[in-house]
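Enquirer: Sharing data-v4.txt (compact mmCIF, N, CA and C atoms and all ligand atoms) below.
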# COMPACT_ATOMS: atom_id res chain seq x y z
N MET A 1 -0.60 -11.76 -9.43
CA MET A 1 0.13 -12.88 -8.85
C MET A 1 0.87 -13.70 -9.90
N GLU A 2 0.50 -13.45 -11.18
CA GLU A 2 1.25 -14.10 -12.26
C GLU A 2 2.71 -13.64 -12.23
N ASP A 3 2.90 -12.39 -11.78
CA ASP A 3 4.27 -11.86 -11.68
C ASP A 3 5.11 -12.72 -10.74
N ILE A 4 4.51 -13.11 -9.63
CA ILE A 4 5.23 -13.91 -8.64
C ILE A 4 5.56 -15.28 -9.24
N LYS A 5 4.59 -15.86 -9.94
CA LYS A 5 4.86 -17.16 -10.57
C LYS A 5 6.00 -17.04 -11.58
N GLY A 6 6.03 -15.91 -12.26
CA GLY A 6 7.11 -15.66 -13.23
C GLY A 6 8.47 -15.56 -12.54
N ILE A 7 8.49 -14.85 -11.41
CA ILE A 7 9.75 -14.69 -10.67
C ILE A 7 10.23 -16.04 -10.15
N VAL A 8 9.32 -16.79 -9.57
CA VAL A 8 9.69 -18.11 -9.03
C VAL A 8 10.17 -19.02 -10.17
N GLY A 9 9.48 -18.94 -11.30
CA GLY A 9 9.86 -19.75 -12.47
C GLY A 9 11.25 -19.39 -12.99
N LYS A 10 11.55 -18.09 -12.93
CA LYS A 10 12.86 -17.62 -13.39
C LYS A 10 13.99 -18.31 -12.62
N TYR A 11 13.71 -18.63 -11.37
CA TYR A 11 14.71 -19.29 -10.52
C TYR A 11 14.42 -20.80 -10.37
N HIS A 12 13.61 -21.32 -11.31
CA HIS A 12 13.34 -22.77 -11.40
C HIS A 12 12.81 -23.36 -10.10
N HIS A 13 12.05 -22.58 -9.34
CA HIS A 13 11.44 -23.06 -8.08
C HIS A 13 12.50 -23.59 -7.11
N ASP A 14 13.73 -23.14 -7.28
CA ASP A 14 14.85 -23.65 -6.48
C ASP A 14 14.88 -22.94 -5.11
N ALA A 15 14.69 -23.72 -4.05
CA ALA A 15 14.60 -23.15 -2.71
C ALA A 15 15.88 -22.40 -2.31
N SER A 16 17.01 -22.80 -2.89
CA SER A 16 18.26 -22.12 -2.54
C SER A 16 18.32 -20.70 -3.13
N GLN A 17 17.37 -20.39 -4.01
CA GLN A 17 17.33 -19.06 -4.64
C GLN A 17 16.30 -18.14 -3.97
N LEU A 18 15.87 -18.52 -2.76
CA LEU A 18 14.83 -17.75 -2.09
C LEU A 18 15.17 -16.27 -1.98
N ILE A 19 16.40 -15.95 -1.61
CA ILE A 19 16.77 -14.53 -1.42
C ILE A 19 16.63 -13.77 -2.75
N SER A 20 17.05 -14.39 -3.84
CA SER A 20 16.89 -13.73 -5.15
C SER A 20 15.42 -13.53 -5.49
N VAL A 21 14.60 -14.53 -5.16
CA VAL A 21 13.16 -14.41 -5.42
C VAL A 21 12.58 -13.25 -4.59
N LEU A 22 13.01 -13.17 -3.34
CA LEU A 22 12.50 -12.08 -2.49
C LEU A 22 12.98 -10.72 -3.00
N HIS A 23 14.24 -10.66 -3.46
CA HIS A 23 14.77 -9.41 -4.01
C HIS A 23 13.93 -8.96 -5.21
N ASP A 24 13.68 -9.86 -6.12
CA ASP A 24 12.90 -9.52 -7.32
C ASP A 24 11.48 -9.12 -6.96
N THR A 25 10.92 -9.82 -5.98
CA THR A 25 9.55 -9.51 -5.55
C THR A 25 9.51 -8.10 -4.95
N GLN A 26 10.50 -7.80 -4.12
CA GLN A 26 10.52 -6.47 -3.52
C GLN A 26 10.74 -5.39 -4.57
N ALA A 27 11.59 -5.70 -5.56
CA ALA A 27 11.82 -4.73 -6.63
C ALA A 27 10.52 -4.44 -7.38
N LYS A 28 9.67 -5.45 -7.49
CA LYS A 28 8.40 -5.31 -8.22
C LYS A 28 7.39 -4.48 -7.42
N TYR A 29 7.27 -4.77 -6.11
CA TYR A 29 6.21 -4.14 -5.31
C TYR A 29 6.71 -3.07 -4.35
N ASN A 30 8.03 -2.92 -4.25
CA ASN A 30 8.61 -1.97 -3.30
C ASN A 30 8.56 -2.47 -1.86
N TYR A 31 7.98 -3.62 -1.64
CA TYR A 31 7.98 -4.30 -0.34
C TYR A 31 7.55 -5.74 -0.59
N LEU A 32 7.44 -6.51 0.48
CA LEU A 32 7.06 -7.92 0.31
C LEU A 32 5.62 -8.11 0.83
N PRO A 33 4.64 -8.07 -0.06
CA PRO A 33 3.25 -8.25 0.38
C PRO A 33 3.03 -9.66 0.93
N LYS A 34 2.15 -9.75 1.93
CA LYS A 34 1.85 -11.04 2.57
C LYS A 34 1.38 -12.06 1.53
N SER A 35 0.49 -11.61 0.63
CA SER A 35 -0.05 -12.52 -0.38
C SER A 35 1.06 -13.06 -1.29
N ALA A 36 2.07 -12.23 -1.56
CA ALA A 36 3.19 -12.67 -2.40
C ALA A 36 4.00 -13.73 -1.67
N LEU A 37 4.24 -13.51 -0.37
CA LEU A 37 5.02 -14.49 0.40
C LEU A 37 4.29 -15.83 0.49
N GLU A 38 2.96 -15.76 0.61
CA GLU A 38 2.17 -17.00 0.67
C GLU A 38 2.29 -17.78 -0.63
N LEU A 39 2.25 -17.04 -1.74
CA LEU A 39 2.35 -17.71 -3.04
C LEU A 39 3.76 -18.27 -3.26
N ILE A 40 4.76 -17.53 -2.84
CA ILE A 40 6.14 -18.01 -2.96
C ILE A 40 6.29 -19.30 -2.15
N SER A 41 5.72 -19.30 -0.96
CA SER A 41 5.77 -20.49 -0.10
C SER A 41 5.17 -21.70 -0.82
N GLU A 42 4.00 -21.46 -1.41
CA GLU A 42 3.29 -22.53 -2.11
C GLU A 42 4.08 -23.01 -3.34
N GLU A 43 4.54 -22.06 -4.12
CA GLU A 43 5.22 -22.38 -5.38
C GLU A 43 6.59 -23.02 -5.16
N MET A 44 7.30 -22.59 -4.11
CA MET A 44 8.66 -23.09 -3.89
C MET A 44 8.71 -24.22 -2.87
N LYS A 45 7.53 -24.54 -2.31
CA LYS A 45 7.43 -25.61 -1.29
C LYS A 45 8.36 -25.32 -0.10
N ILE A 46 8.33 -24.06 0.32
CA ILE A 46 9.09 -23.65 1.50
C ILE A 46 8.07 -23.21 2.54
N PRO A 47 8.16 -23.73 3.78
CA PRO A 47 7.18 -23.31 4.80
C PRO A 47 7.18 -21.79 4.98
N LEU A 48 5.98 -21.23 5.11
CA LEU A 48 5.85 -19.77 5.24
C LEU A 48 6.69 -19.19 6.39
N PRO A 49 6.73 -19.84 7.57
CA PRO A 49 7.56 -19.27 8.66
C PRO A 49 9.04 -19.16 8.26
N ASP A 50 9.52 -20.10 7.45
CA ASP A 50 10.93 -20.03 7.00
C ASP A 50 11.14 -18.81 6.11
N ILE A 51 10.15 -18.52 5.28
CA ILE A 51 10.26 -17.35 4.39
C ILE A 51 10.25 -16.07 5.22
N TYR A 52 9.36 -16.02 6.22
CA TYR A 52 9.32 -14.83 7.10
C TYR A 52 10.64 -14.67 7.85
N GLN A 53 11.24 -15.79 8.22
CA GLN A 53 12.51 -15.72 8.94
C GLN A 53 13.57 -15.01 8.09
N VAL A 54 13.63 -15.37 6.82
CA VAL A 54 14.60 -14.75 5.90
C VAL A 54 14.21 -13.28 5.64
N ALA A 55 12.91 -13.06 5.40
CA ALA A 55 12.44 -11.71 5.06
C ALA A 55 12.64 -10.72 6.20
N THR A 56 12.60 -11.21 7.44
CA THR A 56 12.77 -10.29 8.57
C THR A 56 14.24 -10.20 9.00
N PHE A 57 15.06 -11.16 8.59
CA PHE A 57 16.48 -11.14 8.97
C PHE A 57 17.24 -10.03 8.25
N TYR A 58 16.98 -9.89 6.95
CA TYR A 58 17.71 -8.91 6.14
C TYR A 58 16.99 -7.56 6.14
N LYS A 59 17.74 -6.53 6.51
CA LYS A 59 17.13 -5.20 6.57
C LYS A 59 16.74 -4.66 5.20
N ALA A 60 17.31 -5.25 4.17
CA ALA A 60 16.98 -4.79 2.81
C ALA A 60 15.53 -5.10 2.47
N PHE A 61 14.94 -6.09 3.17
CA PHE A 61 13.55 -6.45 2.88
C PHE A 61 12.60 -5.71 3.81
N SER A 62 11.46 -5.37 3.27
CA SER A 62 10.45 -4.69 4.08
C SER A 62 9.11 -5.40 3.95
N LEU A 63 8.47 -5.63 5.07
CA LEU A 63 7.14 -6.25 5.05
C LEU A 63 6.05 -5.19 5.02
N LYS A 64 6.48 -3.94 5.15
CA LYS A 64 5.50 -2.83 5.09
C LYS A 64 5.74 -2.06 3.80
N PRO A 65 4.67 -1.49 3.22
CA PRO A 65 4.85 -0.72 1.99
C PRO A 65 5.85 0.42 2.20
N ARG A 66 6.74 0.59 1.25
CA ARG A 66 7.70 1.67 1.30
C ARG A 66 7.28 2.74 0.30
N GLY A 67 7.82 3.94 0.53
CA GLY A 67 7.51 5.02 -0.39
C GLY A 67 8.21 4.82 -1.73
N LYS A 68 7.79 5.60 -2.71
CA LYS A 68 8.46 5.56 -4.01
C LYS A 68 9.94 5.88 -3.81
N TYR A 69 10.22 6.80 -2.86
CA TYR A 69 11.59 7.15 -2.52
C TYR A 69 11.86 6.71 -1.09
N HIS A 70 12.75 5.76 -0.93
CA HIS A 70 13.06 5.25 0.40
C HIS A 70 14.36 5.91 0.89
N ILE A 71 14.25 6.59 2.02
CA ILE A 71 15.39 7.34 2.56
C ILE A 71 16.01 6.57 3.71
N ARG A 72 17.33 6.43 3.65
CA ARG A 72 18.06 5.82 4.75
C ARG A 72 19.03 6.87 5.31
N VAL A 73 18.86 7.20 6.57
CA VAL A 73 19.78 8.13 7.22
C VAL A 73 20.70 7.31 8.10
N CYS A 74 22.01 7.50 7.90
CA CYS A 74 22.97 6.72 8.68
C CYS A 74 23.18 7.34 10.06
N LEU A 75 23.03 6.50 11.08
CA LEU A 75 23.30 6.93 12.46
C LEU A 75 24.50 6.17 13.03
N GLY A 76 25.32 5.59 12.15
CA GLY A 76 26.53 4.89 12.60
C GLY A 76 27.49 5.86 13.27
N THR A 77 28.50 5.31 13.93
CA THR A 77 29.39 6.14 14.75
C THR A 77 30.01 7.30 13.98
N ALA A 78 30.59 7.01 12.80
CA ALA A 78 31.27 8.06 12.04
C ALA A 78 30.30 9.17 11.65
N CYS A 79 29.08 8.82 11.31
CA CYS A 79 28.09 9.83 10.94
C CYS A 79 27.52 10.50 12.18
N HIS A 80 27.37 9.72 13.24
CA HIS A 80 26.80 10.26 14.48
C HIS A 80 27.65 11.41 15.02
N VAL A 81 28.98 11.22 15.02
CA VAL A 81 29.84 12.29 15.55
C VAL A 81 29.82 13.54 14.65
N ARG A 82 29.33 13.39 13.46
CA ARG A 82 29.22 14.55 12.56
C ARG A 82 27.79 15.08 12.48
N GLY A 83 26.98 14.67 13.43
CA GLY A 83 25.65 15.29 13.56
C GLY A 83 24.51 14.62 12.83
N SER A 84 24.60 13.30 12.58
CA SER A 84 23.54 12.65 11.80
C SER A 84 22.19 12.63 12.51
N GLN A 85 22.19 12.69 13.84
CA GLN A 85 20.91 12.71 14.55
C GLN A 85 20.10 13.94 14.13
N ARG A 86 20.79 15.07 13.97
CA ARG A 86 20.11 16.29 13.54
C ARG A 86 19.62 16.16 12.10
N ILE A 87 20.35 15.38 11.28
CA ILE A 87 19.90 15.13 9.89
C ILE A 87 18.58 14.36 9.93
N LEU A 88 18.56 13.31 10.74
CA LEU A 88 17.34 12.49 10.83
C LEU A 88 16.17 13.36 11.29
N GLU A 89 16.40 14.15 12.32
CA GLU A 89 15.31 15.01 12.84
C GLU A 89 14.84 16.00 11.79
N SER A 90 15.77 16.49 11.00
CA SER A 90 15.41 17.45 9.96
C SER A 90 14.56 16.78 8.87
N VAL A 91 14.93 15.56 8.48
CA VAL A 91 14.14 14.83 7.47
C VAL A 91 12.76 14.53 8.04
N GLU A 92 12.71 14.11 9.30
CA GLU A 92 11.42 13.80 9.93
C GLU A 92 10.51 15.04 9.93
N ARG A 93 11.12 16.18 10.25
CA ARG A 93 10.35 17.43 10.30
C ARG A 93 9.87 17.81 8.90
N ASP A 94 10.76 17.73 7.92
CA ASP A 94 10.38 18.12 6.55
C ASP A 94 9.28 17.24 5.97
N LEU A 95 9.34 15.95 6.26
CA LEU A 95 8.37 15.02 5.67
C LEU A 95 7.16 14.78 6.56
N GLY A 96 7.26 15.17 7.83
CA GLY A 96 6.15 14.94 8.76
C GLY A 96 5.96 13.48 9.11
N ILE A 97 7.03 12.71 9.03
CA ILE A 97 6.97 11.29 9.41
C ILE A 97 8.15 10.97 10.32
N LYS A 98 8.02 9.89 11.06
CA LYS A 98 9.11 9.40 11.92
C LYS A 98 9.83 8.27 11.20
N SER A 99 11.03 7.97 11.69
CA SER A 99 11.78 6.84 11.15
C SER A 99 10.91 5.58 11.23
N GLY A 100 10.87 4.83 10.15
CA GLY A 100 10.05 3.61 10.11
C GLY A 100 8.68 3.85 9.49
N GLU A 101 8.38 5.10 9.14
CA GLU A 101 7.06 5.41 8.59
C GLU A 101 7.15 5.78 7.10
N THR A 102 5.97 5.82 6.47
CA THR A 102 5.84 6.23 5.07
C THR A 102 4.90 7.42 5.00
N SER A 103 5.22 8.39 4.16
CA SER A 103 4.36 9.57 4.06
C SER A 103 2.99 9.17 3.50
N LYS A 104 1.98 9.93 3.85
CA LYS A 104 0.60 9.59 3.45
C LYS A 104 0.43 9.52 1.93
N ASP A 105 1.18 10.34 1.20
CA ASP A 105 1.06 10.31 -0.27
C ASP A 105 1.85 9.16 -0.90
N GLY A 106 2.53 8.37 -0.05
CA GLY A 106 3.26 7.21 -0.54
C GLY A 106 4.56 7.56 -1.23
N LEU A 107 4.96 8.81 -1.17
CA LEU A 107 6.15 9.24 -1.90
C LEU A 107 7.45 8.89 -1.17
N PHE A 108 7.46 9.13 0.15
CA PHE A 108 8.69 8.91 0.91
C PHE A 108 8.49 7.95 2.07
N SER A 109 9.49 7.12 2.31
CA SER A 109 9.55 6.35 3.55
C SER A 109 10.94 6.58 4.13
N LEU A 110 11.06 6.38 5.43
CA LEU A 110 12.28 6.77 6.13
C LEU A 110 12.71 5.69 7.10
N GLU A 111 14.01 5.42 7.12
CA GLU A 111 14.54 4.54 8.16
C GLU A 111 15.94 5.00 8.54
N SER A 112 16.35 4.66 9.74
CA SER A 112 17.73 4.94 10.13
C SER A 112 18.50 3.62 10.05
N VAL A 113 19.77 3.72 9.68
CA VAL A 113 20.60 2.53 9.54
C VAL A 113 21.93 2.75 10.27
N ASN A 114 22.70 1.68 10.42
CA ASN A 114 23.94 1.78 11.20
C ASN A 114 25.18 2.11 10.41
N CYS A 115 25.18 1.90 9.12
CA CYS A 115 26.32 2.28 8.28
C CYS A 115 25.91 2.09 6.83
N LEU A 116 26.29 3.04 6.00
CA LEU A 116 25.99 2.92 4.57
C LEU A 116 27.26 2.61 3.78
N GLY A 117 28.35 2.37 4.51
CA GLY A 117 29.58 1.92 3.85
C GLY A 117 30.41 3.03 3.23
N CYS A 118 30.14 4.27 3.55
CA CYS A 118 30.96 5.36 3.01
C CYS A 118 31.16 6.39 4.12
N CYS A 119 31.74 5.92 5.22
CA CYS A 119 31.86 6.72 6.45
C CYS A 119 32.59 8.03 6.24
N ALA A 120 33.56 8.07 5.32
CA ALA A 120 34.35 9.29 5.11
C ALA A 120 33.48 10.44 4.59
N LEU A 121 32.32 10.11 4.03
CA LEU A 121 31.43 11.14 3.48
C LEU A 121 30.40 11.64 4.50
N GLY A 122 30.47 11.12 5.72
CA GLY A 122 29.46 11.42 6.73
C GLY A 122 29.30 12.89 7.03
N PRO A 123 28.11 13.28 7.47
CA PRO A 123 26.93 12.42 7.59
C PRO A 123 26.32 12.11 6.22
N VAL A 124 25.82 10.90 6.11
CA VAL A 124 25.35 10.39 4.82
C VAL A 124 23.89 9.95 4.90
N MET A 125 23.18 10.20 3.82
CA MET A 125 21.87 9.57 3.68
C MET A 125 21.72 9.08 2.24
N MET A 126 20.86 8.10 2.06
CA MET A 126 20.59 7.58 0.72
C MET A 126 19.12 7.78 0.40
N VAL A 127 18.84 8.12 -0.85
CA VAL A 127 17.47 8.14 -1.34
C VAL A 127 17.46 7.13 -2.47
N ASN A 128 16.75 6.03 -2.26
CA ASN A 128 16.84 4.87 -3.14
C ASN A 128 18.32 4.49 -3.30
N LYS A 129 18.88 4.56 -4.52
CA LYS A 129 20.28 4.14 -4.68
C LYS A 129 21.25 5.31 -4.72
N ASN A 130 20.74 6.52 -4.48
CA ASN A 130 21.60 7.72 -4.56
C ASN A 130 22.15 8.09 -3.20
N TYR A 131 23.47 8.28 -3.16
CA TYR A 131 24.12 8.71 -1.91
C TYR A 131 24.16 10.24 -1.86
N HIS A 132 23.91 10.78 -0.66
CA HIS A 132 24.09 12.20 -0.42
C HIS A 132 25.01 12.32 0.78
N GLY A 133 26.23 12.83 0.56
CA GLY A 133 27.23 12.90 1.63
C GLY A 133 27.50 14.31 2.09
N GLU A 134 28.16 14.39 3.25
CA GLU A 134 28.54 15.67 3.85
C GLU A 134 27.34 16.62 3.90
N ILE A 135 26.23 16.07 4.33
CA ILE A 135 25.01 16.89 4.35
C ILE A 135 24.86 17.58 5.71
N SER A 136 24.04 18.61 5.69
CA SER A 136 23.73 19.34 6.92
C SER A 136 22.21 19.53 6.93
N PRO A 137 21.64 19.83 8.09
CA PRO A 137 20.18 20.00 8.14
C PRO A 137 19.69 21.02 7.12
N GLY A 138 20.50 22.05 6.86
CA GLY A 138 20.09 23.08 5.91
C GLY A 138 20.00 22.60 4.47
N LYS A 139 20.64 21.47 4.15
CA LYS A 139 20.62 20.96 2.77
C LYS A 139 19.47 19.98 2.51
N ILE A 140 18.82 19.53 3.57
CA ILE A 140 17.82 18.46 3.44
C ILE A 140 16.68 18.85 2.50
N ASN A 141 16.14 20.04 2.72
CA ASN A 141 14.99 20.45 1.93
C ASN A 141 15.32 20.46 0.43
N LYS A 142 16.49 20.96 0.08
CA LYS A 142 16.91 21.03 -1.32
C LYS A 142 17.05 19.61 -1.90
N ILE A 143 17.63 18.72 -1.11
CA ILE A 143 17.80 17.33 -1.58
C ILE A 143 16.44 16.69 -1.82
N LEU A 144 15.53 16.84 -0.88
CA LEU A 144 14.21 16.20 -1.01
C LEU A 144 13.44 16.76 -2.19
N LYS A 145 13.62 18.02 -2.46
CA LYS A 145 12.88 18.66 -3.58
C LYS A 145 13.27 18.05 -4.92
N LYS A 146 14.48 17.50 -5.01
CA LYS A 146 14.90 16.86 -6.27
C LYS A 146 14.00 15.68 -6.62
N TYR A 147 13.34 15.13 -5.61
CA TYR A 147 12.57 13.90 -5.84
C TYR A 147 11.08 14.14 -5.98
N VAL A 148 10.64 15.39 -5.89
CA VAL A 148 9.19 15.61 -6.02
C VAL A 148 8.85 16.38 -7.30
S1 LIG B 201 28.88 5.31 9.79
FE1 LIG B 201 27.69 6.39 8.34
S2 LIG B 201 28.36 5.57 6.45
FE2 LIG B 201 29.45 4.46 7.90
As structure tokens, how would this structure be written, given the file I've shared?

Expert:
Amino acid sequence: MEDIKGIVGKYHHDASQLISVLHDTQAKYNYLPKSALELISEEMKIPLPDIYQVATFYKAFSLKPRGKYHIRVCLGTACHVRGSQRILESVERDLGIKSGETSKDGLFSLESVNCLGCCALGPVMMVNKNYHGEISPGKINKILKKYV
């Protein structure tokens, strides 16, 4: 929890920097643990419900543990017409998890999103910060193997 105090201190306990504090906290733990949010609330003098409101508003934040590799499969319109639903199903089958879940070994977590901002490359998925474009169900296994 000293880490959290360090993060809050870095932003001078300034309530207007809450999003940055949450970003740094998530970068540290890969999600936002309840105990961390309680300490942030205490240290920054921000009511806990207000912190939860921010943490649940932005999709970038997760209140559940994420895998070491977080996969986002785009189901936005441009990707959808190019078969992204089949991409998602293929990833789910390969990893044995559904969208919104984390694999038992903690290696992968999966979510579907509405746009990753590079529609021309559709269908697109991201693994952490890496984009994989123009993918097909047959390429999924090879892509995932790069991360294990
Ligand atoms: S719709 Fe998939 S990247 Fe935009």

Enquirer: May I have all residues of segment 18-109 of chain A that DSSP, computed from the backbone, assigns to strand (DSSP E), given as a list in words?

Expert: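 Answer for segment 18-109 of chain A restricted to strand (DSSP E) is Tyr69, His70, Ile71, Arg72, Val73, Cys74, Phe108 and Ser109 of chain A.
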
Enquirer: If you count only N, CA and C atoms and all ligand atoms, which residues end up within 5 Å of ligand LIG 201 (chain B), as a compact mmCIF listing (two decimals) with N, CA and C atoms, in the coordinates of the input?

Expert:
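Final output, saved to result-v2.txt:
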# COMPACT_ATOMS: atom_id res chain seq x y z
N CYS A 74 22.01 7.50 7.90
CA CYS A 74 22.97 6.72 8.68
C CYS A 74 23.18 7.34 10.06
N GLY A 76 25.32 5.59 12.15
CA GLY A 76 26.53 4.89 12.60
C GLY A 76 27.49 5.86 13.27
N THR A 77 28.50 5.31 13.93
CA THR A 77 29.39 6.14 14.75
C THR A 77 30.01 7.30 13.98
N ALA A 78 30.59 7.01 12.80
CA ALA A 78 31.27 8.06 12.04
C ALA A 78 30.30 9.17 11.65
N CYS A 79 29.08 8.82 11.31
CA CYS A 79 28.09 9.83 10.94
C CYS A 79 27.52 10.50 12.18
N ASN A 114 22.70 1.68 10.42
CA ASN A 114 23.94 1.78 11.20
C ASN A 114 25.18 2.11 10.41
N CYS A 115 25.18 1.90 9.12
CA CYS A 115 26.32 2.28 8.28
C CYS A 115 25.91 2.09 6.83
N LEU A 116 26.29 3.04 6.00
CA LEU A 116 25.99 2.92 4.57
C LEU A 116 27.26 2.61 3.78
N GLY A 117 28.35 2.37 4.51
CA GLY A 117 29.58 1.92 3.85
C GLY A 117 30.41 3.03 3.23
N CYS A 118 30.14 4.27 3.55
CA CYS A 118 30.96 5.36 3.01
C CYS A 118 31.16 6.39 4.12
N CYS A 119 31.74 5.92 5.22
CA CYS A 119 31.86 6.72 6.45
C CYS A 119 32.59 8.03 6.24

Enquirer: I need the residues of segment 11-84 of chain A that end up classed as helix (DSSP H, G or I) by DSSP on the backbone, written out as a VMD selection string.

Expert: chain A and resid 15 to 29 34 to 44 48 to 57 77 to 80 84

Enquirer: Hey, which of A:Leu63, A:Val8, A:Leu18, A:Ile71 ends up closest to Leu107 of chain A? Count only N, CA and C atoms.

Expert: A:Ile71

Enquirer: Residues near Arg82 of chain A, anyone? I mean within 8 Å using all atoms listed in the file, not counting same-chain ones fewer than 6 positions away, as an MDAnalysis selection string.

Expert: chainID A and resid 76 122:124 135

Enquirer: Find the residues around segment 36-48 of chain A up to 9 Å (only C-alpha atoms counted), leave out those fewer than 3 positions away in its own chain, and share them as an NGL selection string.

Expert: :A and (1 or 4-5 or 8-9 or 12-15 or 18 or 21-22 or 25 or 32-33 or 51-53)
